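Next up, start-v7.csv (CSV, C-alpha atoms):
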```
chain,number,residue,atom,x,y,z
A,1,MET,CA,49.2,96.8,185.9
A,2,GLY,CA,48.6,100.5,185.3
A,3,LEU,CA,52.1,101.5,186.4
A,4,LYS,CA,53.6,98.7,184.4
A,5,LEU,CA,51.9,100.0,181.2
A,6,HIS,CA,54.0,103.1,181.5
A,7,ASN,CA,56.9,100.8,180.5
A,8,SER,CA,56.7,100.7,176.7
A,9,THR,CA,58.2,97.2,176.4
A,10,PHE,CA,55.6,95.9,178.7
A,11,ARG,CA,52.8,97.7,176.8
A,12,GLU,CA,54.1,96.2,173.6
A,13,LYS,CA,53.9,92.7,175.0
A,14,ILE,CA,50.4,93.2,176.3
A,15,ILE,CA,49.3,94.6,172.9
A,16,GLU,CA,50.9,91.7,171.1
A,17,TYR,CA,49.2,89.2,173.4
A,18,ALA,CA,45.9,90.9,172.8
A,19,ILE,CA,46.2,90.8,169.0
A,20,ALA,CA,47.4,87.2,169.1
A,21,GLY,CA,44.3,86.3,171.3
A,22,GLY,CA,41.9,88.2,169.0
A,23,ASP,CA,41.2,90.9,171.6
A,24,TYR,CA,41.5,93.7,169.1
A,25,ASP,CA,39.5,96.3,171.1
A,26,LYS,CA,42.0,95.9,174.0
A,27,ALA,CA,44.9,96.2,171.6
A,28,ILE,CA,43.5,99.4,170.0
A,29,ALA,CA,42.7,100.9,173.4
A,30,LEU,CA,46.3,100.2,174.7
A,31,ALA,CA,47.9,101.5,171.5
A,32,LYS,CA,45.8,104.7,171.6
A,33,GLU,CA,46.7,105.2,175.3
A,34,GLY,CA,50.4,104.8,174.4
A,35,ILE,CA,50.1,107.5,171.7
A,36,ILE,CA,48.7,109.9,174.3
A,37,LEU,CA,51.4,109.1,176.8
A,38,ASP,CA,54.3,109.3,174.4
A,39,LYS,CA,53.3,112.0,171.8
A,40,THR,CA,55.3,114.7,173.6
A,41,HIS,CA,58.4,112.9,174.8
A,42,ALA,CA,58.8,109.8,172.6
A,43,PRO,CA,57.6,110.3,169.1
A,44,GLY,CA,59.4,107.2,168.0
A,45,LEU,CA,57.2,105.1,170.2
A,46,VAL,CA,54.1,106.9,168.8
A,47,TYR,CA,55.0,105.4,165.4
A,48,ASN,CA,55.2,102.0,167.0
A,49,TRP,CA,51.8,102.3,168.6
A,50,ASN,CA,50.4,103.4,165.2
A,51,ILE,CA,51.7,100.3,163.6
A,52,TYR,CA,49.9,98.2,166.2
A,53,LEU,CA,46.8,100.2,165.4
A,54,LEU,CA,47.2,99.4,161.7
A,55,THR,CA,47.5,95.7,162.5
A,56,ALA,CA,44.4,95.8,164.7
A,57,TYR,CA,42.4,97.7,162.1
A,58,GLU,CA,43.4,95.2,159.4
A,59,LYS,CA,42.3,92.3,161.7
A,60,THR,CA,38.9,93.9,162.4
A,61,GLY,CA,38.3,95.0,158.9
A,62,ASN,CA,38.0,98.7,159.9
A,63,LYS,CA,38.6,100.0,156.4
A,64,GLN,CA,37.9,103.6,157.3
A,65,GLU,CA,40.4,103.9,160.1
A,66,LEU,CA,42.9,101.7,158.3
A,67,THR,CA,42.8,104.0,155.3
A,68,ARG,CA,43.0,107.2,157.4
A,69,LEU,CA,46.0,106.0,159.4
A,70,ALA,CA,47.9,104.5,156.5
A,71,ARG,CA,47.5,107.8,154.7
A,72,THR,CA,48.7,109.8,157.7
A,73,LEU,CA,51.7,107.5,158.2
A,74,PHE,CA,52.6,107.7,154.5
A,75,LEU,CA,52.5,111.4,154.4
A,76,LYS,CA,54.1,112.2,157.7
A,77,ASP,CA,55.8,109.4,159.5
A,78,SER,CA,57.4,106.9,157.2
A,79,TRP,CA,60.5,106.3,155.1
A,80,GLY,CA,62.1,103.6,153.1
A,81,GLU,CA,60.3,100.2,153.0
A,82,ALA,CA,57.8,101.5,155.6
A,83,ARG,CA,56.7,104.3,153.2
A,84,LYS,CA,56.3,101.7,150.5
A,85,ASP,CA,54.2,99.4,152.8
A,86,HIS,CA,51.9,102.3,153.8
A,87,TYR,CA,51.4,103.3,150.2
A,88,GLN,CA,50.6,99.8,149.0
A,89,LEU,CA,48.3,99.4,151.9
A,90,LEU,CA,46.4,102.5,150.8
A,91,LYS,CA,46.3,101.1,147.3
A,92,LYS,CA,44.5,98.0,148.5
A,93,GLN,CA,41.8,100.0,150.3
A,94,ILE,CA,40.8,102.3,147.5
A,95,PRO,CA,38.7,101.0,144.7
A,96,ALA,CA,40.6,100.8,141.4
A,97,GLN,CA,38.2,103.2,139.7
A,98,GLU,CA,38.8,105.8,142.4
A,99,TRP,CA,42.6,105.4,142.7
A,100,SER,CA,43.6,108.0,140.1
A,101,SER,CA,41.6,110.8,141.8
A,102,TYR,CA,42.8,109.6,145.2
A,103,VAL,CA,46.4,109.9,144.1
A,104,GLU,CA,45.8,113.4,142.8
A,105,GLY,CA,44.6,114.3,146.3
A,106,LEU,CA,47.7,112.8,147.8
A,107,ILE,CA,49.9,114.8,145.5
A,108,LYS,CA,48.0,118.0,146.3
A,109,GLU,CA,48.4,117.4,150.0
A,110,VAL,CA,52.1,116.7,149.7
A,111,LYS,CA,52.6,119.9,147.7
A,112,THR,CA,50.5,122.1,150.0
A,113,LYS,CA,50.8,120.6,153.5
A,114,CYS,CA,54.0,118.5,153.6
A,115,GLY,CA,56.5,121.1,152.5
A,116,ALA,CA,56.5,119.8,148.9
A,117,ASP,CA,58.5,116.7,150.1
A,118,TYR,CA,60.6,115.7,147.2
A,119,TYR,CA,60.9,112.0,148.3
A,120,LEU,CA,57.2,111.6,148.8
A,121,LEU,CA,56.4,113.0,145.4
A,122,ALA,CA,59.2,110.9,143.8
A,123,TYR,CA,57.8,107.7,145.4
A,124,ILE,CA,54.3,108.4,144.1
A,125,TYR,CA,55.5,109.3,140.6
A,126,ILE,CA,57.7,106.2,140.4
A,127,ASP,CA,55.0,103.8,141.6
A,128,GLU,CA,52.4,105.3,139.3
A,129,GLN,CA,55.0,105.5,136.4
A,130,ARG,CA,54.4,109.2,135.9
A,131,TRP,CA,57.7,109.8,134.3
A,132,LYS,CA,57.2,113.3,133.1
A,133,ASP,CA,56.2,114.4,136.6
A,134,LEU,CA,59.3,112.6,138.0
A,135,LEU,CA,61.5,114.5,135.5
A,136,GLN,CA,59.9,117.8,136.5
A,137,ILE,CA,60.6,117.4,140.2
A,138,VAL,CA,64.2,116.4,139.6
A,139,TYR,CA,64.4,119.5,137.5
A,140,ASP,CA,62.9,121.6,140.2
A,141,TRP,CA,65.0,120.2,143.0
A,142,PRO,CA,68.2,119.0,141.3
A,143,SER,CA,71.1,117.2,142.9
A,144,PHE,CA,73.6,114.6,141.6
A,145,ASP,CA,72.0,111.9,143.8
A,146,ARG,CA,68.5,112.6,142.6
A,147,ILE,CA,69.4,112.7,138.9
A,148,ARG,CA,71.3,109.5,139.2
A,149,GLU,CA,68.4,107.8,141.0
A,150,ALA,CA,66.0,109.1,138.3
A,151,GLU,CA,68.2,107.6,135.7
A,152,LYS,CA,66.9,104.1,136.7
A,153,TYR,CA,63.5,105.1,135.3
A,154,LEU,CA,64.2,107.8,132.8
A,155,PHE,CA,67.4,106.7,131.0
A,156,ASN,CA,65.6,105.6,127.9
A,157,ILE,CA,62.9,108.3,127.9
A,158,TYR,CA,64.6,111.5,128.8
A,159,PRO,CA,68.4,110.9,128.4
A,160,LEU,CA,69.3,114.4,127.1
A,161,GLN,CA,67.2,116.1,129.7
A,162,LEU,CA,69.0,114.2,132.4
A,163,ALA,CA,72.4,115.0,130.8
A,164,GLY,CA,71.4,118.7,130.8
A,165,MET,CA,70.6,118.6,134.5
A,166,TYR,CA,74.0,116.9,135.2
A,167,ARG,CA,75.6,119.8,133.3
A,168,GLU,CA,73.9,122.4,135.4
A,169,CYS,CA,74.8,120.7,138.7
A,170,ILE,CA,78.4,120.3,137.6
A,171,LEU,CA,78.7,124.0,136.7
A,172,ALA,CA,77.1,125.0,140.0
A,173,ASP,CA,79.4,122.6,141.9
A,174,MET,CA,82.6,123.9,140.3
A,175,GLU,CA,82.0,127.4,141.7
A,176,HIS,CA,82.8,126.1,145.2
A,177,VAL,CA,85.5,123.5,144.9
A,178,SER,CA,89.2,123.3,143.8
A,179,ASP,CA,90.2,119.9,145.2
A,180,ARG,CA,91.4,117.1,142.9
A,181,ASN,CA,89.5,114.3,144.7
A,182,HIS,CA,86.3,116.3,144.4
A,183,TYR,CA,87.0,116.9,140.7
A,184,ARG,CA,87.2,113.2,140.2
A,185,GLN,CA,83.9,112.6,142.0
A,186,VAL,CA,82.1,115.3,140.1
A,187,PHE,CA,83.5,114.4,136.7
A,188,GLU,CA,82.0,110.9,137.1
A,189,TYR,CA,78.8,112.7,136.1
A,190,ILE,CA,80.4,113.9,132.8
A,191,ARG,CA,80.9,110.2,132.2
A,192,ARG,CA,77.2,109.8,132.9
A,193,MET,CA,76.4,112.5,130.4
A,194,ILE,CA,78.4,110.5,127.8
A,195,LYS,CA,76.5,107.3,128.6
A,196,LEU,CA,73.3,109.2,128.2
A,197,GLY,CA,74.2,110.0,124.6
A,198,ALA,CA,75.3,113.6,125.3
A,199,GLU,CA,79.0,113.2,124.3
A,200,GLU,CA,79.0,116.5,122.4
A,201,GLU,CA,77.5,118.3,125.3
A,202,ALA,CA,80.1,116.7,127.6
A,203,VAL,CA,82.9,118.0,125.5
A,204,GLU,CA,81.4,121.4,125.3
A,205,LEU,CA,81.1,121.5,129.1
A,206,ALA,CA,84.7,120.5,129.5
A,207,GLU,CA,85.8,123.4,127.2
A,208,GLN,CA,83.5,125.8,129.1
A,209,LEU,CA,85.0,124.7,132.5
A,210,LYS,CA,88.6,125.2,131.1
A,211,LYS,CA,87.7,128.7,130.0
A,212,LEU,CA,86.0,129.5,133.3
A,213,TYR,CA,88.9,128.2,135.5
A,214,PRO,CA,92.0,128.3,133.4
A,215,ARG,CA,94.3,128.3,136.5
A,216,ARG,CA,92.9,125.1,137.9
A,217,ARG,CA,95.5,122.7,136.6
A,218,ALA,CA,94.2,119.7,138.6
A,219,MET,CA,90.7,120.3,137.2
A,220,ILE,CA,92.0,120.5,133.6
A,221,GLU,CA,94.1,117.3,134.1
A,222,GLU,CA,91.0,115.4,135.4
A,223,LEU,CA,88.9,116.6,132.6
A,224,ALA,CA,91.4,115.3,130.1
A,225,GLU,CA,91.3,111.9,131.8
A,226,VAL,CA,87.5,111.8,131.6
A,227,LEU,CA,87.4,112.7,127.9
A,228,LYS,CA,90.3,110.3,127.0
A,229,GLN,CA,88.2,107.4,128.3
```

As structure tokens, how would this structure be written, given the file I've shared?
Amino acid sequence: MGLKLHNSTFREKIIEYAIAGGDYDKAIALAKEGIILDKTHAPGLVYNWNIYLLTAYEKTGNKQELTRLARTLFLKDSWGEARKDHYQLLKKQIPAQEWSSYVEGLIKEVKTKCGADYYLLAYIYIDEQRWKDLLQIVYDWPSFDRIREAEKYLFNIYPLQLAGMYRECILADMEHVSDRNHYRQVFEYIRRMIKLGAEEEAVELAEQLKKLYPRRRAMIEELAEVLKQ
């Protein structure tokens, strides 16, 4: 069996059989062995072995190891729905009265050890409804996509601030493009500014762009279309 366990598919089946049969120690041992075997050449498989470990720790009630591993996966090895799952799993393990200080520790670690990962911070701030903090990181790391995503949460709280960030992104973007199709894409965000209640600022931006780039006929025409609507 030792040689067969080098086959990841076979190892997965044995771990699943062990978990289904309640042999959690065996499942944990096989998953840990898989991590050692694959950590250099197959990091994707390492993530799978860690998920099996999480399952086994949950089944055995090993809260300490479950919390440690869920935190590690949330900070380093997850995305999308998996990231959400690991965060919510953490939330279940930490007593409610300790959660606030625990979150501060997570944020500190993201900022100092995880390369100030925007998406990790954004997830935390959204889940904890820390809207001022969310606004700040969008301001610190602006992009059209990030501002638009933040609108879902901040539209009614910080509309003019969001519009101002759109304005800065549009100005920066216009330095590098002169294509009509791109103008149309970017000027959708002028429409977003207007929907955010910044119609006056949108008109001022349009006038500023016309002064900055008076020879860009296509740009001026597209601006006119936006403001006409």

Could you work out how far atom CA of Ala206 of chain A lies from atom CA of Ala224 of chain A, giving the answer in Å with one decimal?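 For atom CA of Ala224 of chain A relative to atom CA of Ala206 of chain A, the distance reads 8.5 Å.
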
Show me, as a list in words, the residues that have an atom within 6 Å of segment 84-97 of chain A when counting only C-alpha atoms, minus same-chain residues fewer than 6 positions from it.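 With the cut-off at 6 Å, the set is Thr67, Ala70 and Phe74 of chain A.
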
Nearest to Lys111 of chain A: which of A:Arg167, A:Val226, A:Val138, A:Leu75 is it, counting only C-alpha atoms?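 With only C-alpha atoms as the atom set, the closest residue is A:Leu75.
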
Considering all atoms listed in the file, return as a list in words whatever protein or nucleic-acid residues lie within 7 Å of segment 30-33 of chain A, sequence-local ones (same chain, fewer than 5 positions apart) excluded.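 The contact residues come out as Ile15, Trp49, Tyr52 and Leu53 of chain A.
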
For atom CA of Ala18 of chain A and atom CA of Gly34 of chain A, quote the distance in Å rounded to one decimal.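 So the answer is 14.7 Å.
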
At a cut-off of 9 Å from (64.4, 107.5, 135.6) in the coordinates of the file, what residues are picked up using only C-alpha atoms, written as a PyMOL selection string? chain A and resi 126+131+134-135+147-159+162

If we count all atoms listed in the file, what is near Thr55 of chain A at a cut-off of 10 Å, once residues fewer than 5 positions away on the same chain are taken out, given as a ChimeraX atom specification? /A:19,24,27-28,49-50,60-61,66

Best match for closeness to Glu81 of chain A among A:Ala29, A:His41, A:Ala163, A:Tyr123, counting all atoms listed in the file: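 The shortest atom-to-atom distance to Glu81 of chain A comes from A:Tyr123.
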
Residues within 12 Å of (88.5, 125.2, 131.2), file coords, all atoms listed in the file, listed as a list in words: Leu171, Met174, Val203, Glu204, Leu205, Ala206, Glu207, Gln208, Leu209, Lys210, Lys211, Leu212, Tyr213, Pro214, Arg215, Arg216, Arg217, Ala218, Met219, Ile220, Glu221, Glu222, Leu223 and Ala224 of chain A

For the residues in the current selection, export C-alpha atoms as a PDB file, in the coordinates of the input.
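Saved to result_35.pdb:
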```
ATOM      1  CA  LEU A 171      78.700 124.000 136.700  1.00  0.00           C
ATOM      2  CA  MET A 174      82.600 123.900 140.300  1.00  0.00           C
ATOM      3  CA  VAL A 203      82.900 118.000 125.500  1.00  0.00           C
ATOM      4  CA  GLU A 204      81.400 121.400 125.300  1.00  0.00           C
ATOM      5  CA  LEU A 205      81.100 121.500 129.100  1.00  0.00           C
ATOM      6  CA  ALA A 206      84.700 120.500 129.500  1.00  0.00           C
ATOM      7  CA  GLU A 207      85.800 123.400 127.200  1.00  0.00           C
ATOM      8  CA  GLN A 208      83.500 125.800 129.100  1.00  0.00           C
ATOM      9  CA  LEU A 209      85.000 124.700 132.500  1.00  0.00           C
ATOM     10  CA  LYS A 210      88.600 125.200 131.100  1.00  0.00           C
ATOM     11  CA  LYS A 211      87.700 128.700 130.000  1.00  0.00           C
ATOM     12  CA  LEU A 212      86.000 129.500 133.300  1.00  0.00           C
ATOM     13  CA  TYR A 213      88.900 128.200 135.500  1.00  0.00           C
ATOM     14  CA  PRO A 214      92.000 128.300 133.400  1.00  0.00           C
ATOM     15  CA  ARG A 215      94.300 128.300 136.500  1.00  0.00           C
ATOM     16  CA  ARG A 216      92.900 125.100 137.900  1.00  0.00           C
ATOM     17  CA  ARG A 217      95.500 122.700 136.600  1.00  0.00           C
ATOM     18  CA  ALA A 218      94.200 119.700 138.600  1.00  0.00           C
ATOM     19  CA  MET A 219      90.700 120.300 137.200  1.00  0.00           C
ATOM     20  CA  ILE A 220      92.000 120.500 133.600  1.00  0.00           C
ATOM     21  CA  GLU A 221      94.100 117.300 134.100  1.00  0.00           C
ATOM     22  CA  GLU A 222      91.000 115.400 135.400  1.00  0.00           C
ATOM     23  CA  LEU A 223      88.900 116.600 132.600  1.00  0.00           C
ATOM     24  CA  ALA A 224      91.400 115.300 130.100  1.00  0.00           C
TER      25      ALA A 224
END
```

Starting from the sparse input, extend segment 161-172 of chain A to all heavy atoms and give the output as a JSON list (two decimals), in the frame of the given file.
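File produced: selection31.json:
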```json
[["chain", "number", "residue", "atom", "x", "y", "z"],
["A", 161, "GLN", "N", 67.68, 115.24, 128.62],
["A", 161, "GLN", "CA", 67.20, 116.10, 129.70],
["A", 161, "GLN", "C", 68.03, 115.81, 130.99],
["A", 161, "GLN", "O", 68.42, 116.73, 131.72],
["A", 161, "GLN", "CB", 65.74, 115.95, 129.96],
["A", 161, "GLN", "CG", 64.86, 116.52, 128.85],
["A", 161, "GLN", "CD", 64.58, 115.52, 127.73],
["A", 161, "GLN", "OE1", 65.33, 114.55, 127.54],
["A", 161, "GLN", "NE2", 63.51, 115.75, 126.99],
["A", 162, "LEU", "N", 68.25, 114.54, 131.26],
["A", 162, "LEU", "CA", 69.00, 114.20, 132.40],
["A", 162, "LEU", "C", 70.48, 114.66, 132.28],
["A", 162, "LEU", "O", 71.06, 115.20, 133.24],
["A", 162, "LEU", "CB", 69.05, 112.64, 132.59],
["A", 162, "LEU", "CG", 67.72, 111.99, 132.99],
["A", 162, "LEU", "CD1", 67.81, 110.48, 132.85],
["A", 162, "LEU", "CD2", 67.33, 112.37, 134.41],
["A", 163, "ALA", "N", 71.03, 114.51, 131.08],
["A", 163, "ALA", "CA", 72.40, 115.00, 130.80],
["A", 163, "ALA", "C", 72.46, 116.51, 131.06],
["A", 163, "ALA", "O", 73.44, 117.02, 131.63],
["A", 163, "ALA", "CB", 72.83, 114.64, 129.42],
["A", 164, "GLY", "N", 71.44, 117.22, 130.62],
["A", 164, "GLY", "CA", 71.40, 118.70, 130.80],
["A", 164, "GLY", "C", 71.38, 119.05, 132.29],
["A", 164, "GLY", "O", 72.01, 120.03, 132.70],
["A", 165, "MET", "N", 70.67, 118.27, 133.09],
["A", 165, "MET", "CA", 70.60, 118.60, 134.50],
["A", 165, "MET", "C", 71.97, 118.25, 135.19],
["A", 165, "MET", "O", 72.41, 118.98, 136.09],
["A", 165, "MET", "CB", 69.49, 117.77, 135.19],
["A", 165, "MET", "CG", 68.11, 118.34, 134.86],
["A", 165, "MET", "SD", 66.78, 117.60, 135.85],
["A", 165, "MET", "CE", 66.48, 116.11, 134.91],
["A", 166, "TYR", "N", 72.62, 117.17, 134.73],
["A", 166, "TYR", "CA", 74.00, 116.90, 135.20],
["A", 166, "TYR", "C", 74.88, 118.11, 134.93],
["A", 166, "TYR", "O", 75.67, 118.55, 135.77],
["A", 166, "TYR", "CB", 74.56, 115.66, 134.57],
["A", 166, "TYR", "CG", 74.19, 114.37, 135.22],
["A", 166, "TYR", "CD1", 73.78, 113.27, 134.45],
["A", 166, "TYR", "CD2", 74.25, 114.20, 136.61],
["A", 166, "TYR", "CE1", 73.46, 112.06, 135.04],
["A", 166, "TYR", "CE2", 73.92, 113.00, 137.20],
["A", 166, "TYR", "CZ", 73.52, 111.93, 136.42],
["A", 166, "TYR", "OH", 73.20, 110.73, 137.01],
["A", 167, "ARG", "N", 74.78, 118.62, 133.72],
["A", 167, "ARG", "CA", 75.60, 119.80, 133.30],
["A", 167, "ARG", "C", 75.42, 120.93, 134.25],
["A", 167, "ARG", "O", 76.40, 121.54, 134.71],
["A", 167, "ARG", "CB", 75.26, 120.15, 131.87],
["A", 167, "ARG", "CG", 75.99, 121.39, 131.36],
["A", 167, "ARG", "CD", 75.49, 121.78, 129.98],
["A", 167, "ARG", "NE", 76.20, 122.97, 129.51],
["A", 167, "ARG", "CZ", 75.87, 124.21, 129.84],
["A", 167, "ARG", "NH1", 74.84, 124.44, 130.64],
["A", 167, "ARG", "NH2", 76.57, 125.23, 129.36],
["A", 168, "GLU", "N", 74.17, 121.27, 134.55],
["A", 168, "GLU", "CA", 73.90, 122.40, 135.40],
["A", 168, "GLU", "C", 74.44, 122.19, 136.82],
["A", 168, "GLU", "O", 74.97, 123.11, 137.46],
["A", 168, "GLU", "CB", 72.41, 122.73, 135.44],
["A", 168, "GLU", "CG", 71.85, 123.19, 134.10],
["A", 168, "GLU", "CD", 72.60, 124.40, 133.56],
["A", 168, "GLU", "OE1", 72.82, 125.36, 134.32],
["A", 168, "GLU", "OE2", 72.95, 124.39, 132.37],
["A", 169, "CYS", "N", 74.29, 120.98, 137.31],
["A", 169, "CYS", "CA", 74.80, 120.70, 138.70],
["A", 169, "CYS", "C", 76.34, 120.75, 138.69],
["A", 169, "CYS", "O", 76.93, 121.22, 139.67],
["A", 169, "CYS", "CB", 74.34, 119.29, 139.10],
["A", 169, "CYS", "SG", 72.63, 119.23, 139.67],
["A", 170, "ILE", "N", 76.98, 120.27, 137.63],
["A", 170, "ILE", "CA", 78.40, 120.30, 137.60],
["A", 170, "ILE", "C", 78.91, 121.77, 137.55],
["A", 170, "ILE", "O", 79.83, 122.15, 138.29],
["A", 170, "ILE", "CB", 78.95, 119.57, 136.32],
["A", 170, "ILE", "CG1", 78.70, 118.07, 136.49],
["A", 170, "ILE", "CG2", 80.45, 119.84, 136.10],
["A", 170, "ILE", "CD1", 78.88, 117.26, 135.22],
["A", 171, "LEU", "N", 78.28, 122.60, 136.74],
["A", 171, "LEU", "CA", 78.70, 124.00, 136.70],
["A", 171, "LEU", "C", 78.50, 124.69, 138.04],
["A", 171, "LEU", "O", 79.37, 125.45, 138.48],
["A", 171, "LEU", "CB", 77.83, 124.74, 135.63],
["A", 171, "LEU", "CG", 78.22, 124.49, 134.17],
["A", 171, "LEU", "CD1", 77.16, 125.06, 133.24],
["A", 171, "LEU", "CD2", 79.58, 125.11, 133.87],
["A", 172, "ALA", "N", 77.39, 124.40, 138.71],
["A", 172, "ALA", "CA", 77.10, 125.00, 140.00],
["A", 172, "ALA", "C", 78.16, 124.50, 141.05],
["A", 172, "ALA", "O", 78.67, 125.28, 141.87],
["A", 172, "ALA", "CB", 75.72, 124.67, 140.49]]
```
